[in-house]
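Enquirer: The following file, start_36.txt, comprises compact mmCIF, C-alpha atoms and all ligand atoms:
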# COMPACT_ATOMS: atom_id res chain seq x y z
CA MET A 205 80.44 120.46 73.83
CA ASN A 206 79.77 116.78 74.43
CA SER A 207 77.86 116.06 77.70
CA ASP A 208 79.65 112.77 78.48
CA LYS A 209 83.04 114.42 78.01
CA VAL A 210 82.09 117.40 80.19
CA ARG A 211 80.82 115.15 83.00
CA THR A 212 84.00 113.04 82.84
CA PHE A 213 86.11 116.19 82.91
CA TRP A 214 84.09 117.56 85.84
CA ARG A 215 84.61 114.40 87.90
CA GLU A 216 88.34 114.33 87.14
CA HIS A 217 88.80 118.01 88.05
CA GLU A 218 86.39 118.50 90.96
CA LYS A 219 89.42 118.72 93.24
CA ASP A 220 90.65 121.75 91.26
CA LEU A 221 87.62 123.92 92.11
CA VAL A 222 88.54 127.19 93.81
CA LYS A 223 86.40 129.88 95.47
CA PHE A 224 86.74 133.36 94.00
CA PRO A 225 85.52 136.77 95.17
CA CYS A 226 83.37 138.88 92.84
CA ASP A 227 85.45 140.11 89.89
CA LEU A 228 83.51 143.37 89.71
CA CYS A 229 83.48 144.61 93.33
CA GLY A 230 85.77 142.21 95.20
CA SER A 231 83.09 141.11 97.69
CA SER A 232 82.88 137.49 98.81
CA ASP A 233 79.23 137.74 99.86
CA SER A 234 76.86 135.98 97.50
CA ARG A 235 73.63 134.03 97.28
CA LYS A 236 73.19 130.73 95.45
CA LEU A 237 70.86 130.40 92.46
CA ASN A 238 69.41 127.01 91.67
CA ILE A 239 69.80 126.63 87.91
CA PRO A 240 71.01 123.24 86.65
CA GLU A 241 74.05 122.89 84.41
CA LYS A 242 73.45 122.07 80.75
CA TYR A 243 75.98 119.22 80.44
CA GLY A 244 75.41 117.61 83.85
CA ALA A 245 78.34 119.21 85.71
CA GLU A 246 77.48 120.32 89.25
CA SER A 247 78.43 123.95 88.70
CA GLN A 248 76.98 126.49 91.14
CA LEU A 249 75.79 129.89 89.97
CA VAL A 250 75.91 132.66 92.60
CA GLN A 251 74.98 136.33 92.61
CA CYS A 252 77.12 138.90 94.38
CA THR A 253 74.92 140.48 97.07
CA THR A 254 76.91 143.72 96.83
CA CYS A 255 76.92 144.49 93.07
CA GLY A 256 74.67 141.84 91.50
CA LEU A 257 77.27 140.17 89.26
CA LEU A 258 76.43 136.54 88.46
CA TYR A 259 79.27 134.04 88.38
CA LEU A 260 80.15 130.40 88.91
CA ASN A 261 81.56 129.78 92.36
CA PRO A 262 83.52 127.72 93.07
CA ARG A 263 85.08 127.35 89.61
CA TRP A 264 88.28 126.17 88.02
CA ASN A 265 91.42 128.22 87.55
CA ILE A 266 92.59 129.35 84.09
CA GLU A 267 94.78 126.28 83.56
CA THR A 268 91.92 123.86 84.11
CA TYR A 269 89.58 125.84 81.86
CA ASP A 270 92.27 125.84 79.16
CA ALA A 271 92.43 122.06 79.52
CA LEU A 272 88.61 121.87 79.18
CA TYR A 273 88.72 123.90 75.97
CA HIS A 274 91.42 121.67 74.53
CA TYR A 275 89.67 118.49 75.66
CA THR A 276 86.11 118.99 74.52
CA TYR A 277 85.06 122.49 73.58
CA ARG A 278 85.09 122.18 69.80
CA SER A 279 85.45 118.42 69.63
CA ASP A 280 82.11 118.08 67.83
CA VAL A 281 83.31 120.14 64.85
CA GLN A 282 85.73 118.55 62.36
CA GLU A 283 88.46 120.63 60.72
CA LYS A 284 86.86 120.23 57.31
CA GLU A 285 83.78 122.01 58.75
CA PHE A 286 85.64 125.12 59.96
CA ALA A 287 84.99 127.06 56.76
CA GLN A 288 81.26 126.28 56.96
CA GLU A 289 81.17 127.45 60.58
CA LEU A 290 82.91 130.67 59.57
CA GLU A 291 80.33 131.26 56.86
CA LYS A 292 77.43 130.65 59.26
CA GLN A 293 78.74 133.28 61.64
CA LEU A 294 79.33 136.02 59.05
CA PRO A 295 75.94 137.79 59.47
CA VAL A 296 76.35 138.15 63.24
CA ALA A 297 79.92 139.37 62.84
CA ALA A 298 78.92 141.82 60.11
CA ARG A 299 76.25 143.35 62.28
CA LEU A 300 78.53 143.99 65.24
CA LEU A 301 81.12 145.60 62.97
CA ARG A 302 78.46 147.76 61.31
CA ILE A 303 77.35 149.02 64.71
CA ALA A 304 80.93 149.87 65.70
CA SER A 305 81.59 151.51 62.33
CA GLY A 306 78.61 153.79 62.90
CA PHE A 307 80.60 155.40 65.68
CA ARG A 308 83.77 155.38 63.64
CA GLY A 309 81.92 157.29 60.91
CA SER A 310 83.89 155.35 58.30
CA ASN A 311 84.01 152.05 56.45
CA LYS A 312 87.70 151.63 57.10
CA TRP A 313 89.56 150.30 60.12
CA GLU A 314 93.34 150.25 60.35
CA ARG A 315 93.96 147.54 62.95
CA VAL A 316 91.30 145.27 64.44
CA LEU A 317 91.82 142.77 67.27
CA ASP A 318 89.38 139.96 68.06
CA ILE A 319 90.00 138.38 71.46
CA GLY A 320 88.89 134.75 71.09
CA CYS A 321 88.46 134.84 67.33
CA GLY A 322 87.07 131.29 66.93
CA TYR A 323 86.42 130.48 63.26
CA GLY A 324 87.49 134.00 62.25
CA ALA A 325 84.16 135.33 60.95
CA LEU A 326 84.57 138.76 62.48
CA LEU A 327 88.14 139.18 61.28
CA TRP A 328 87.14 137.99 57.81
CA ILE A 329 84.55 140.78 57.61
CA ALA A 330 87.00 143.32 59.06
CA LYS A 331 89.63 142.37 56.48
CA HIS A 332 87.43 142.11 53.38
CA PHE A 333 84.77 144.76 54.04
CA TYR A 334 86.70 147.27 56.14
CA SER A 335 90.24 146.84 54.71
CA ALA A 336 91.63 146.24 58.20
CA GLU A 337 94.84 144.58 59.23
CA VAL A 338 93.48 141.92 61.55
CA PHE A 339 94.81 140.23 64.67
CA GLY A 340 93.40 137.72 67.12
CA PHE A 341 93.90 135.21 69.92
CA GLU A 342 92.55 131.68 69.76
CA PRO A 343 93.55 129.03 72.30
CA ASP A 344 92.38 126.10 70.12
CA LEU A 345 95.47 125.20 68.07
CA ASN A 346 93.54 123.76 65.12
CA LEU A 347 91.39 126.86 64.88
CA ALA A 348 94.36 129.19 65.31
CA ASN A 349 96.09 127.38 62.41
CA PHE A 350 92.96 127.65 60.28
CA CYS A 351 92.68 131.39 61.01
CA ASN A 352 96.38 131.97 60.40
CA GLY A 353 95.88 130.59 56.91
CA LEU A 354 93.28 133.30 56.35
CA PHE A 355 94.92 136.20 58.17
CA GLU A 356 98.64 136.25 57.36
CA GLY A 357 99.71 134.49 60.55
CA ASN A 358 98.42 137.26 62.82
CA ILE A 359 96.51 134.90 65.13
CA LEU A 360 98.29 134.02 68.37
CA PRO A 361 97.52 130.43 69.47
CA LYS A 362 97.09 131.64 73.03
CA SER A 363 94.46 132.24 75.68
CA VAL A 364 92.98 135.74 75.90
CA GLU A 365 95.01 136.43 79.04
CA GLU A 366 98.32 135.35 77.47
CA GLY A 367 97.55 137.10 74.18
CA ILE A 368 96.82 140.41 75.88
CA ASP A 369 100.03 140.24 77.92
CA ASP A 370 101.99 139.47 74.76
CA PHE A 371 100.54 142.44 72.84
CA ILE A 372 100.93 144.83 75.80
CA SER A 373 104.61 143.86 76.08
CA LYS A 374 105.01 144.60 72.33
CA ARG A 375 103.18 147.94 72.76
CA CYS A 376 100.59 147.02 70.11
CA LYS A 377 97.62 149.37 69.65
CA PHE A 378 94.31 148.88 67.86
CA ASP A 379 91.49 151.04 66.50
CA LEU A 380 88.89 148.41 67.28
CA ILE A 381 88.90 145.58 69.79
CA VAL A 382 86.08 143.10 69.48
CA CYS A 383 84.95 140.77 72.20
CA GLN A 384 82.16 138.74 70.67
CA GLN A 385 80.63 136.19 73.04
CA THR A 386 83.95 135.83 74.86
CA LEU A 387 83.67 138.01 77.99
CA ASN A 388 81.41 135.57 79.84
CA HIS A 389 83.93 132.74 79.30
CA LEU A 390 86.78 134.58 81.01
CA GLN A 391 88.08 133.84 84.47
CA HIS A 392 88.44 137.55 85.34
CA PRO A 393 86.41 139.62 82.84
CA VAL A 394 86.78 142.97 84.62
CA LYS A 395 90.53 142.55 84.94
CA ILE A 396 90.65 141.75 81.21
CA LEU A 397 88.66 144.90 80.36
CA LYS A 398 91.17 146.95 82.35
CA SER A 399 94.01 145.34 80.37
CA LEU A 400 92.29 145.91 77.02
CA LYS A 401 92.33 149.62 77.72
CA LYS A 402 96.12 149.50 77.28
CA LEU A 403 95.75 148.08 73.75
CA LEU A 404 93.31 150.69 72.46
CA ASN A 405 94.19 153.89 70.59
CA SER A 406 92.83 157.03 72.26
CA ASN A 407 90.14 157.30 69.55
CA GLY A 408 89.61 153.53 69.44
CA LEU A 409 86.45 151.58 70.18
CA ILE A 410 85.62 148.31 71.86
CA ALA A 411 82.63 146.35 70.56
CA LEU A 412 81.14 143.73 72.81
CA GLU A 413 78.49 141.09 72.38
CA VAL A 414 77.65 138.96 75.38
CA LEU A 415 74.86 136.67 76.55
CA ASP A 416 72.10 138.57 78.36
CA PHE A 417 71.23 136.61 81.50
CA GLU A 418 67.74 138.09 81.71
CA ALA A 419 66.89 137.09 78.15
CA TYR A 420 68.62 133.75 78.49
CA THR A 421 66.77 132.58 81.61
CA ARG A 422 63.46 133.69 80.17
CA MET A 423 63.76 131.02 77.49
CA LYS A 424 62.12 127.75 78.53
CA GLY A 425 64.38 125.13 80.06
CA GLN A 426 67.59 127.14 80.01
CA ARG A 427 70.58 125.94 81.94
CA ILE A 428 73.81 127.48 83.09
CA GLN A 429 77.00 126.19 81.40
CA VAL A 430 80.23 125.25 83.10
CA ASP A 431 82.18 127.20 80.43
CA HIS A 432 80.22 130.40 81.16
CA THR A 433 82.12 131.58 84.22
CA HIS A 434 80.09 134.82 84.33
CA TYR A 435 76.58 135.92 83.38
CA PHE A 436 75.87 139.55 82.63
CA THR A 437 72.79 141.72 82.68
CA LEU A 438 72.74 145.10 80.98
CA ARG A 439 73.35 146.75 84.35
CA THR A 440 76.31 144.60 85.43
CA LEU A 441 77.87 144.77 81.95
CA MET A 442 77.74 148.57 82.01
CA ALA A 443 79.23 148.52 85.52
CA ALA A 444 82.02 146.18 84.36
CA LEU A 445 82.84 148.48 81.42
CA ARG A 446 82.90 151.52 83.71
CA ALA A 447 85.19 149.64 86.12
CA GLY A 448 87.43 148.84 83.13
CA GLY A 449 87.71 152.55 82.31
CA PHE A 450 85.32 152.61 79.34
CA ILE A 451 82.50 154.97 78.48
CA THR A 452 79.64 153.26 76.70
CA LEU A 453 78.30 154.99 73.60
CA PHE A 454 75.64 152.49 72.70
CA ALA A 455 73.98 149.46 74.25
CA GLU A 456 71.12 147.30 73.12
CA SER A 457 69.63 144.22 74.68
CA ASP A 458 67.62 141.63 72.76
CA ASN A 459 65.75 141.11 76.01
CA ARG A 460 64.54 144.70 76.17
CA SER A 461 63.92 145.15 72.48
CA GLY A 462 61.72 142.00 72.58
CA ALA A 463 62.05 141.90 68.82
CA LYS A 464 63.34 138.45 67.98
CA GLU A 465 61.39 138.30 64.72
CA LYS A 466 62.54 141.75 63.60
CA LEU A 467 66.23 140.86 63.61
CA PRO A 468 67.63 140.16 60.15
CA PHE A 469 69.74 137.09 59.26
CA LEU A 470 70.70 134.51 61.85
CA LEU A 471 71.28 136.98 64.65
CA PRO A 472 71.43 135.96 68.29
CA ASN A 473 68.24 136.79 70.14
CA ARG A 474 69.38 136.81 73.73
CA HIS A 475 72.44 139.00 73.77
CA ILE A 476 73.60 142.47 74.69
CA ARG A 477 75.66 144.43 72.15
CA CYS A 478 77.50 147.58 73.04
CA VAL A 479 80.15 149.95 71.79
CA SER A 480 82.41 151.74 74.26
CA CYS A 481 85.37 154.07 74.09
CA LEU A 482 87.99 155.66 76.30
CA ARG A 483 87.45 159.32 75.35
CA PRO A 484 84.29 160.35 73.49
CA GLU A 485 85.86 163.72 72.66
CA ALA A 486 88.59 161.90 70.67
CA LEU A 487 86.04 160.48 68.22
CA GLU A 488 85.43 162.30 64.96
CA GLY A 489 82.14 162.99 63.25
CA ASP A 490 79.41 165.37 62.20
CA TYR A 491 76.03 164.43 63.55
CA ASP A 492 72.30 165.09 62.96
CA GLU A 493 69.54 165.21 65.52
CA ILE A 494 67.12 162.39 66.20
CA GLU A 495 65.71 160.69 69.25
CA CYS A 496 68.11 159.20 71.83
CA VAL A 497 68.39 155.54 72.87
CA GLU A 498 66.32 154.74 75.93
CA LEU A 499 68.87 152.34 77.38
CA LEU A 500 71.60 154.90 77.18
CA LEU A 501 69.55 157.40 79.14
CA LYS A 502 69.30 154.89 81.92
CA GLU A 503 72.89 153.76 81.93
CA THR A 504 74.86 156.94 81.25
CA THR A 505 75.45 159.84 83.60
CA PRO A 506 74.00 163.25 82.52
CA SER A 507 77.42 164.87 81.99
CA ILE A 508 78.58 162.08 79.69
CA LEU A 509 75.24 162.05 77.92
CA ASN A 510 75.49 165.72 77.03
CA LYS A 511 78.75 165.07 75.24
CA LEU A 512 77.46 161.97 73.50
CA LEU A 513 73.98 162.93 72.37
CA PRO A 514 75.00 164.29 68.97
CA ARG A 515 76.98 161.16 68.20
CA ILE A 516 74.18 158.83 69.24
CA LYS A 517 71.78 160.68 67.04
CA ARG A 518 73.92 160.28 63.98
CA PHE A 519 74.46 156.64 64.82
CA LYS A 520 70.72 155.98 64.93
CA ASN A 521 70.45 157.39 61.41
CA TYR A 522 73.26 155.17 60.31
CA LEU A 523 71.55 152.07 61.74
CA SER A 524 68.21 152.83 60.14
CA GLY A 525 69.95 153.34 56.80
CA SER A 526 72.26 150.34 56.82
CA LEU A 527 70.20 147.76 58.65
CA GLY A 528 66.70 148.82 57.73
CA ARG A 529 65.45 148.75 61.29
CA ARG A 530 64.64 151.18 64.11
ZN ZN B 1 80.23 142.20 93.35
Spell out the structure here as structure tokens.
Expert:
Amino acid sequence: MNSDKVRTFWREHEKDLVKFPCDLCGSSDSRKLNIPEKYGAESQLVQCTTCGLLYLNPRWNIETYDALYHYTYRSDVQEKEFAQELEKQLPVAARLLRIASGFRGSNKWERVLDIGCGYGALLWIAKHFYSAEVFGFEPDLNLANFCNGLFEGNILPKSVEEGIDDFISKRCKFDLIVCQQTLNHLQHPVKILKSLKKLLNSNGLIALEVLDFEAYTRMKGQRIQVDHTHYFTLRTLMAALRAGGFITLFAESDNRSGAKEKLPFLLPNRHIRCVSCLRPEALEGDYDEIECVELLLKETTPSILNKLLPRIKRFKNYLSGSLGRR
């Protein structure tokens, strides 16, 4: 985004700021954190004193954020550069899909939905490498048009909220829903997770990648951003997924792995990636034994863990084979 444009937009829409309770636990008690905003807006980051969720408060409503996205969000990228942007993002997209496919136990997806599909990198990989029929939402009209040229018109030029409502009303279901670096931009991320549950097949998976606040703030000179309405840590992300009705099969944090230099390609180095499902018993697979993931031990209850251990073990084998790490 362009700083001058963001500051102008902030000044013009300061009157639209609204106070919200915590989206995770509903509490209105919070403490202020003094981290400046990247583009010069006077956004205030707070932390819920009940559950620990970090969010901007006050912040704009959905309509004003939509206007921000239309006004400035991708204004620095020309249409002729969309294909280059897509290409740049392919390695990151490929990795998230590989992780999810480890739990699928297959290199084929039937129907994949990307909420906030941007330049379409993830859907491109899903279509060409995993033979999936792909769908997405993208509020930027130019980008939605670009993606519709690639994906048979299956991209709704709508916000995530509108797109989900549209698909729920049409009773659409998906094997995989991907939310790559989108959750922290949403006005009500926990509410959205609850809605996504309605779009997932019983043996479906949701793959998430989101900025890790702990890793992010550790980097020198970091700032909050007015478009990041929420900041997650591994703990609050797991809590949000549980509140949404999901059981997490796998989670990794770049912060905890501390292995920036070990990551292949142009991968993000300050994010959390996770794969979650509705019913672990509905997943198929035949699994071998190896060591369990430390994060999962911390974040998963013993009863769930007992059911999941065999699957995690096979997944670790899959990762070491396909990515050459761990
Ligand atoms: Zn809370």
Enquirer: Using Å and a single decimal, report how far CA of Lys219 (chain A) sits from CA of Ser247 (chain A).
Expert: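 For CA of Ser247 (chain A) relative to CA of Lys219 (chain A), the distance reads 13.0 Å.
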Enquirer: Within 9 Å of ligand ZN 1 (chain B), which residues of chain A come that close, and what is the closest atom pair and distance in Å for each? Count all atoms listed in the file and give it as CSV.
Expert:
residue,atom,partner,partner_atom,distance
A:Pro225,CA,B:ZN1,ZN,7.8
A:Cys226,CA,B:ZN1,ZN,4.6
A:Asp227,CA,B:ZN1,ZN,6.6
A:Leu228,CA,B:ZN1,ZN,5.0
A:Cys229,CA,B:ZN1,ZN,4.0
A:Gly230,CA,B:ZN1,ZN,5.8
A:Ser231,CA,B:ZN1,ZN,5.3
A:Ser232,CA,B:ZN1,ZN,7.7
A:Asp233,CA,B:ZN1,ZN,8.0
A:Ser234,CA,B:ZN1,ZN,8.2
A:Gln251,CA,B:ZN1,ZN,7.9
A:Cys252,CA,B:ZN1,ZN,4.7
A:Thr253,CA,B:ZN1,ZN,6.7
A:Thr254,CA,B:ZN1,ZN,5.0
A:Cys255,CA,B:ZN1,ZN,4.0
A:Gly256,CA,B:ZN1,ZN,5.9
A:Leu257,CA,B:ZN1,ZN,5.4
A:Leu258,CA,B:ZN1,ZN,8.4
Enquirer: My list of candidates is A:Glu216, A:Asp369, A:Glu267, A:Glu418. Which is closest to Ile396 (chain A) when distances are computed with all atoms listed in the file?
Expert: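 Nearest candidate to Ile396 (chain A) out of A:Glu216, A:Asp369, A:Glu267, A:Glu418: A:Asp369.
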Enquirer: Provide the CA of Leu380 (chain A) to CA of Tyr334 (chain A) distance in Å, to one decimal place.
Expert: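 CA of Tyr334 (chain A) lies at a distance of 11.4 Å from CA of Leu380 (chain A).
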Enquirer: Near His434 (chain A), counting only C-alpha atoms, which residues have an atom at most 8 Å away, once you skip same-chain residues fewer than 5 positions from it, shown as a ChimeraX atom specification?
Expert: /A:257-260,387-390
Enquirer: Tell me which of A:Leu347, A:Leu249, A:Ile239, A:Ile410 sits closest to Gln282 (chain A), counting only C-alpha atoms.
Expert: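 Once distances to Gln282 (chain A) are computed over only C-alpha atoms, the minimum belongs to A:Leu347.
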Enquirer: By how many Å are CA of Cys321 (chain A) and CA of Ile372 (chain A) apart?
Expert: 18.1 Å
